[in-house]
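S.K.: Dropping in my_file.pdb, which is PDB, C-alpha atoms:
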ATOM      1  CA  MET A   1      90.383 107.271 108.334
ATOM      2  CA  LYS A   2      88.859 109.525 105.663
ATOM      3  CA  ARG A   3      88.569 108.434 102.054
ATOM      4  CA  LEU A   4      92.121 107.978 100.783
ATOM      5  CA  LYS A   5      92.986 109.566  97.445
ATOM      6  CA  VAL A   6      95.932 108.044  95.568
ATOM      7  CA  LEU A   7      97.475 109.356  92.366
ATOM      8  CA  LEU A   8      99.392 106.649  90.538
ATOM      9  CA  LEU A   9     101.945 107.816  87.965
ATOM     10  CA  GLU A  10     102.827 104.683  86.020
ATOM     11  CA  ASP A  11     102.984 103.872  82.316
ATOM     12  CA  GLU A  12     103.001 100.063  82.446
ATOM     13  CA  GLU A  13      99.432  98.728  82.502
ATOM     14  CA  ALA A  14     100.395  95.477  84.252
ATOM     15  CA  THR A  15     101.997  97.403  87.115
ATOM     16  CA  VAL A  16      98.945  99.673  87.359
ATOM     17  CA  PHE A  17      96.712  96.597  87.566
ATOM     18  CA  PHE A  18      98.722  95.050  90.422
ATOM     19  CA  TYR A  19      99.010  98.322  92.367
ATOM     20  CA  GLU A  20      95.292  99.069  92.006
ATOM     21  CA  LYS A  21      94.303  95.529  92.949
ATOM     22  CA  GLU A  22      96.412  95.620  96.111
ATOM     23  CA  LEU A  23      95.192  99.086  97.107
ATOM     24  CA  LEU A  24      91.515  98.276  96.486
ATOM     25  CA  THR A  25      91.834  95.030  98.447
ATOM     26  CA  ASN A  26      93.352  96.743 101.487
ATOM     27  CA  PHE A  27      91.514 100.075 101.711
ATOM     28  CA  SER A  28      87.733 100.180 101.856
ATOM     29  CA  GLU A  29      87.586 103.931 101.313
ATOM     30  CA  ILE A  30      89.913 104.699  98.417
ATOM     31  CA  GLU A  31      89.843 106.644  95.184
ATOM     32  CA  ILE A  32      92.611 106.005  92.650
ATOM     33  CA  GLU A  33      93.527 108.259  89.752
ATOM     34  CA  HIS A  34      95.985 106.885  87.206
ATOM     35  CA  CYS A  35      98.221 108.945  84.917
ATOM     36  CA  ASN A  36     100.514 107.317  82.401
ATOM     37  CA  ARG A  37     102.469 110.506  81.632
ATOM     38  CA  ALA A  38     104.046 113.091  83.907
ATOM     39  CA  GLU A  39     102.312 115.955  82.111
ATOM     40  CA  LEU A  40      98.926 114.457  83.000
ATOM     41  CA  ALA A  41      99.945 114.102  86.635
ATOM     42  CA  PHE A  42     100.873 117.787  86.830
ATOM     43  CA  VAL A  43      97.306 118.642  85.782
ATOM     44  CA  ALA A  44      95.726 115.952  87.972
ATOM     45  CA  ILE A  45      97.448 116.899  91.248
ATOM     46  CA  PRO A  46      95.691 120.246  91.813
ATOM     47  CA  MET A  47      92.351 118.918  90.518
ATOM     48  CA  PHE A  48      92.320 115.496  92.230
ATOM     49  CA  LYS A  49      94.099 116.661  95.423
ATOM     50  CA  PRO A  50      95.624 113.288  96.324
ATOM     51  CA  ASP A  51      96.788 112.267  99.791
ATOM     52  CA  VAL A  52      99.423 109.984  98.248
ATOM     53  CA  ILE A  53     101.378 110.080  95.003
ATOM     54  CA  ILE A  54     102.946 106.809  93.905
ATOM     55  CA  LEU A  55     105.392 107.152  91.057
ATOM     56  CA  ARG A  56     107.934 104.937  89.494
ATOM     57  CA  TYR A  57     111.296 106.503  88.836
ATOM     58  CA  GLN A  58     112.490 105.393  85.445
ATOM     59  CA  PHE A  59     112.708 108.722  83.704
ATOM     60  CA  PRO A  60     115.567 110.413  81.892
ATOM     61  CA  THR A  61     117.341 112.748  84.321
ATOM     62  CA  SER A  62     116.001 115.966  82.770
ATOM     63  CA  THR A  63     112.411 114.686  83.028
ATOM     64  CA  ALA A  64     113.025 113.486  86.568
ATOM     65  CA  LYS A  65     114.259 116.919  87.617
ATOM     66  CA  VAL A  66     111.082 118.519  86.243
ATOM     67  CA  ILE A  67     108.902 115.965  88.040
ATOM     68  CA  PHE A  68     110.786 116.397  91.312
ATOM     69  CA  SER A  69     110.529 120.195  91.100
ATOM     70  CA  LYS A  70     106.757 119.974  90.519
ATOM     71  CA  ILE A  71     106.051 117.540  93.352
ATOM     72  CA  LYS A  72     108.090 119.581  95.846
ATOM     73  CA  LYS A  73     104.952 121.709  96.234
ATOM     74  CA  PHE A  74     102.901 118.624  97.142
ATOM     75  CA  LYS A  75     102.073 118.357 100.847
ATOM     76  CA  GLY A  76     101.133 114.663 101.047
ATOM     77  CA  LEU A  77     102.995 111.369 101.020
ATOM     78  CA  VAL A  78     105.155 110.588  97.979
ATOM     79  CA  ILE A  79     106.162 106.974  97.402
ATOM     80  CA  LEU A  80     108.901 106.673  94.836
ATOM     81  CA  CYS A  81     109.187 103.145  93.477
ATOM     82  CA  SER A  82     112.583 102.632  91.959
ATOM     83  CA  ASP A  83     115.588 100.435  91.524
ATOM     84  CA  VAL A  84     117.821 103.479  91.014
ATOM     85  CA  GLU A  85     120.628 104.095  93.505
ATOM     86  CA  ARG A  86     119.103 105.516  96.704
ATOM     87  CA  GLY A  87     121.756 108.158  97.313
ATOM     88  CA  PHE A  88     120.924 109.939  94.062
ATOM     89  CA  LEU A  89     117.198 109.847  94.770
ATOM     90  CA  GLU A  90     117.579 111.007  98.368
ATOM     91  CA  SER A  91     119.680 113.983  97.287
ATOM     92  CA  GLU A  92     117.121 114.965  94.643
ATOM     93  CA  LEU A  93     114.188 114.696  97.061
ATOM     94  CA  LYS A  94     115.720 116.048 100.261
ATOM     95  CA  ASP A  95     113.300 119.005 100.328
ATOM     96  CA  LEU A  96     110.204 116.803 100.398
ATOM     97  CA  PRO A  97     109.156 116.056 103.973
ATOM     98  CA  ASP A  98     107.167 112.883 103.307
ATOM     99  CA  VAL A  99     108.945 110.903 100.628
ATOM    100  CA  ILE A 100     109.598 107.191 100.874
ATOM    101  CA  ILE A 101     111.719 105.247  98.419
ATOM    102  CA  ALA A 102     110.433 101.699  97.882
ATOM    103  CA  ASN A 103     111.206  98.745  95.667
ATOM    104  CA  ARG A 104     108.947  98.979  92.634
ATOM    105  CA  TYR A 105     108.006  95.291  92.572
ATOM    106  CA  ASN A 106     106.395  95.047  95.997
ATOM    107  CA  GLU A 107     102.726  96.086  95.988
ATOM    108  CA  LYS A 108     102.162  94.772  99.521
ATOM    109  CA  LYS A 109     104.941  97.017 100.826
ATOM    110  CA  LEU A 110     103.160 100.035  99.321
ATOM    111  CA  VAL A 111     100.049  99.197 101.341
ATOM    112  CA  GLU A 112     102.137  98.812 104.508
ATOM    113  CA  ILE A 113     103.851 102.179 103.900
ATOM    114  CA  ILE A 114     100.519 103.972 103.418
ATOM    115  CA  LYS A 115      98.900 102.360 106.461
ATOM    116  CA  ASN A 116     101.875 103.208 108.674
ATOM    117  CA  HIS A 117     101.991 106.789 107.414
ATOM    118  CA  PHE A 118      98.342 107.488 108.195
ATOM    119  CA  LYS A 119      98.493 105.874 111.663
ATOM    120  CA  LYS A 120     100.393 108.971 112.866
TER     121      LYS A 120
END
Before we go any further, please render this structure as structure tokens.
M.R.:
Amino acid sequence: MKRLKVLLLEDEEATVFFYEKELLTNFSEIEIEHCNRAELAFVAIPMFKPDVIILRYQFPTSTAKVIFSKIKKFKGLVILCSDVERGFLESELKDLPDVIIANRYNEKKLVEIIKNHFKK
């Protein structure tokens, strides 16, 4: 597998630490870019060109709609970590081909999702 590039959109430093630790432990060839604000992620996506975007959904609805509209152009895997009702999220993201909704508190599951996705 080529060097994996992951963009992590997360504002809580403790969560970033756990996600990064789990990703670095499980992938020998990985580059992680972290953005703590959506505006920074919008700039980072075209420059960093990630294979995977991991974001936590905990935004006000208007902000979420802007984020979802921006990432609809993204061609890689999107992992949305959230405790929000799945039906709402699935309807908002139905146009994205590779989006997976995951529980936000399970770093090991994120690794499993990424590994399974790139086995294809």
S.K.: What residues come out when you apply the PyMOL selection byres ((chain A and resi 110) around 12) to this file, written as a PyMOL selection string?
M.R.: chain A and resi 6+8+18-23+26-27+52-56+77-81+100-109+111-117
S.K.: Pick out the residues sitting within 12 Å of His34 of chain A, and hand them over as JSON, numbers by chain; count all atoms listed in the file, and ignore anything fewer than 3 positions along from it in its own chain.
M.R.: {"A": [5, 6, 7, 8, 9, 10, 11, 12, 13, 15, 16, 17, 19, 20, 31, 37, 38, 40, 41, 42, 43, 44, 45, 48, 50, 52, 53, 54, 55]}
S.K.: Could you write those residues out with C-alpha atoms, as a tab-separated table (two decimals), in the coordinates of the input?
M.R.:
chain	number	residue	atom	x	y	z
A	5	LYS	CA	92.99	109.57	97.44
A	6	VAL	CA	95.93	108.04	95.57
A	7	LEU	CA	97.48	109.36	92.37
A	8	LEU	CA	99.39	106.65	90.54
A	9	LEU	CA	101.94	107.82	87.96
A	10	GLU	CA	102.83	104.68	86.02
A	11	ASP	CA	102.98	103.87	82.32
A	12	GLU	CA	103.00	100.06	82.45
A	13	GLU	CA	99.43	98.73	82.50
A	15	THR	CA	102.00	97.40	87.12
A	16	VAL	CA	98.94	99.67	87.36
A	17	PHE	CA	96.71	96.60	87.57
A	19	TYR	CA	99.01	98.32	92.37
A	20	GLU	CA	95.29	99.07	92.01
A	31	GLU	CA	89.84	106.64	95.18
A	37	ARG	CA	102.47	110.51	81.63
A	38	ALA	CA	104.05	113.09	83.91
A	40	LEU	CA	98.93	114.46	83.00
A	41	ALA	CA	99.94	114.10	86.64
A	42	PHE	CA	100.87	117.79	86.83
A	43	VAL	CA	97.31	118.64	85.78
A	44	ALA	CA	95.73	115.95	87.97
A	45	ILE	CA	97.45	116.90	91.25
A	48	PHE	CA	92.32	115.50	92.23
A	50	PRO	CA	95.62	113.29	96.32
A	52	VAL	CA	99.42	109.98	98.25
A	53	ILE	CA	101.38	110.08	95.00
A	54	ILE	CA	102.95	106.81	93.90
A	55	LEU	CA	105.39	107.15	91.06
S.K.: What does the distance from atom CA of Arg3 of chain A to atom CA of Val66 of chain A come to in Å, to one decimal?
M.R.: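 Atom-to-atom, atom CA of Arg3 of chain A to atom CA of Val66 of chain A, that is 29.3 Å.
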S.K.: Can you work out the spacing between atom CA of Phe74 of chain A and atom CA of Asp98 of chain A in Å, to one decimal?
M.R.: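 Straight-line distance from atom CA of Phe74 of chain A to atom CA of Asp98 of chain A works out to 9.4 Å.
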S.K.: For a test of reading the model, state the distance in Å between atom CA of Lys65 of chain A and atom CA of Lys49 of chain A, rounded to one decimal.
M.R.: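 Atom CA of Lys49 of chain A lies 21.6 Å from atom CA of Lys65 of chain A.
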S.K.: Once 4 Å is added on each side, what centre and edge lengths in Å to one decimal does the axis-aligned box around all listed atoms of segment 36-43 of chain A have, as lines of an AutoDock Vina configuration file?
M.R.:
center_x = 100.7
center_y = 113.0
center_z = 84.2
size_x = 14.7
size_y = 19.3
size_z = 13.2
